[in-house]
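Colleague: If you scroll down you'll find the structure; I have some questions about it.
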Amino acid sequence: MTEIIAFLFPGQGHLPSRLPSLSPPIERLYERVEQQGLDLRNWIAAGHVARLSQTDAAQPTVFLDALARVDVLKSRGVEPRIVAGHSLGEYAALVACGTLSADVALSLVVRRGRLMAAVPGGMTAVLKLGLAAVTDLCATVGRGATVANYNGAQQFVVSAPLETLDLVEERAAALGGRAIRLAVSGPFHSPAMRSAEETLEPAIATAPFLAPKVAFVSSVSGQRETDAELVKTLLKRQMTSPVRWTDVVRALATLDVTDAVELSAGTILTQMGKRLEDRIRFRTFEEVLHA
């Protein structure tokens, strides 16, 4: 059977501990970011995890790391037929499928990171509870609690103000679930991001979008999108829309994907994929690199 390979791009929680080999175009992108006061390469080399973890630095760091990994795999003949990204990862996916140029996407990512960093709040992963229970939990707690990520049948992420997250975690534990506070600085993918989203929207609106050259699955709609203007519209709504990763993986299976590769320093998309869909072989970047 012919392999149909999907490249999967993660959100901002997958910081690299070292730089992969960088092509001249990726080197130039790092230089552009450094001119804006984000000394990413030196911070990575020095292990400044605390600075890199801040949203304004984390988002361009993960984005550029993903593009570098794409270059490495393509140099070895590994090409995607389908791409998808989880939250921030959608920007790298749009570059990989030819919808956005790397320069334009980087400009958007840098602005996005700074805008999102300014919104107070946080996120908590809620495990071992079904969707109905987590939705009811948010409604019961109130105070801005919103389901932000649909990552599995019993794996969701809730966004809320920090004081509300304490209540979410207490309620989840009382219901027999498990809550894990995420290392992010804001209530991403919730209505609290509306102002940041509206501020970024004009930059997205004026950016040139092309029709995807390979299949693109949106984390906002949870399905394949082929129209450039619709992709642009979905990206405008991304900051306040939940990440429908369960639907994304289902769409990959419908598109007959045989192999899905995580373009990151981490394994979370690989792990989630294995729990969601056994018809697809999910592998990390390192596994593919050393196969």
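We name chains A, B, ... following the order of the structure tokens; residues begin at 1 in each chain, and ligands are numbered from 1 as shown.
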So which residues touch stretch 129-140 of chain A within 10 Å, counting only C-alpha atoms, skipping near sequence neighbours fewer than 3 positions away, as a list in words?

Modeller: Val126, Arg143, Gly144, Ala145, Thr146, Val147, Tyr150, Gly152, Ala153, Gln154, Gln155, Phe156, Val157, Val158, Ser159, Ala160, Thr164, Leu165, Leu167, Val168, Glu169, Arg171, Ala172, Ala173, Leu175, Gly176, Gly177, Arg178 and Ala179 of chain A

Colleague: Write out as a list in words each polymer residue whose atoms come within 12 Å of A:Thr254, counting only C-alpha atoms; drop sequence neighbours fewer than 4 positions from it.

Modeller: Ile4, Ile82, Val217, Gly222, Gln223, Arg224, Asp247, Val248, Val249, Arg250, Thr258, Glu277, Arg279 and Ile280 of chain A

Colleague: Hey, what's within 8 Å of stretch 86-88 of chain A if we count only C-alpha atoms and toss same-chain stuff fewer than 6 positions away? As a list in words, please?

Modeller: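 Residues meeting the cut-off are Leu8, Phe9, Pro10, Gly11, Gln12, Gln59, Phe63, Val109, Ser219, Gln238, Val243 and Trp245 of chain A.
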
Colleague: Write the residues of the selection above to a file with C-alpha atoms, as a CSV table (one decimal), in the first residue's frame.

Modeller:
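Once written, selection-v7.csv looks like this:
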chain,number,residue,atom,x,y,z
A,8,LEU,CA,1.5,17.2,12.4
A,9,PHE,CA,2.6,20.5,14.1
A,10,PRO,CA,2.2,21.0,17.8
A,11,GLY,CA,1.2,24.0,20.0
A,12,GLN,CA,3.6,26.1,22.1
A,59,GLN,CA,5.4,30.7,19.9
A,63,PHE,CA,7.1,27.7,14.9
A,109,VAL,CA,3.2,34.3,14.9
A,219,SER,CA,-8.1,22.5,13.8
A,238,GLN,CA,-8.6,30.6,15.9
A,243,VAL,CA,-9.0,23.1,19.1
A,245,TRP,CA,-8.1,17.7,17.5

Colleague: As a PyMOL selection string, please: the residues near A:Pro80 (cut-off 6 Å, only C-alpha atoms, same-chain neighbours under 2 positions excluded).

Modeller: chain A and resi 5-7+82

Colleague: Report as a count of residues only all protein, DNA and RNA residues lying within 12 Å of A:Met193, evaluated on only C-alpha atoms, omitting residues in the same chain fewer than 4 positions from it.

Modeller: 31

Colleague: Write out as an NGL selection string all residues of stretch 50-245 of chain A that backbone DSSP assigns to strand (DSSP E).

Modeller: :A and (82-85 or 122-127 or 146-152 or 155-160 or 178-181 or 215-217)

Colleague: List the neighbours of A:Pro20 out to 9 Å using only C-alpha atoms; skip same-chain residues closer than 3 positions along the sequence, and give me the result as number ranges by chain.

Modeller: A: 16, 65, 68-69, 72

Colleague: Tell me, in Å to one decimal, how far atom CA of A:Arg111 is from atom CA of A:Ser17.

Modeller: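 That distance, rounded to one decimal, is 23.5 Å.
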
Colleague: Looking at A:Ala192, A:Leu210, A:Ala66, A:Thr246, which one is nearest to A:Phe285, with distances taken over only C-alpha atoms?

Modeller: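 Answer, going by the shortest atom-to-atom distance: A:Ala66.
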
Colleague: Rounded to one decimal, what separation in Å do you get between atom CA of A:Ser185 and atom CA of A:Ser53?

Modeller: 9.1 Å
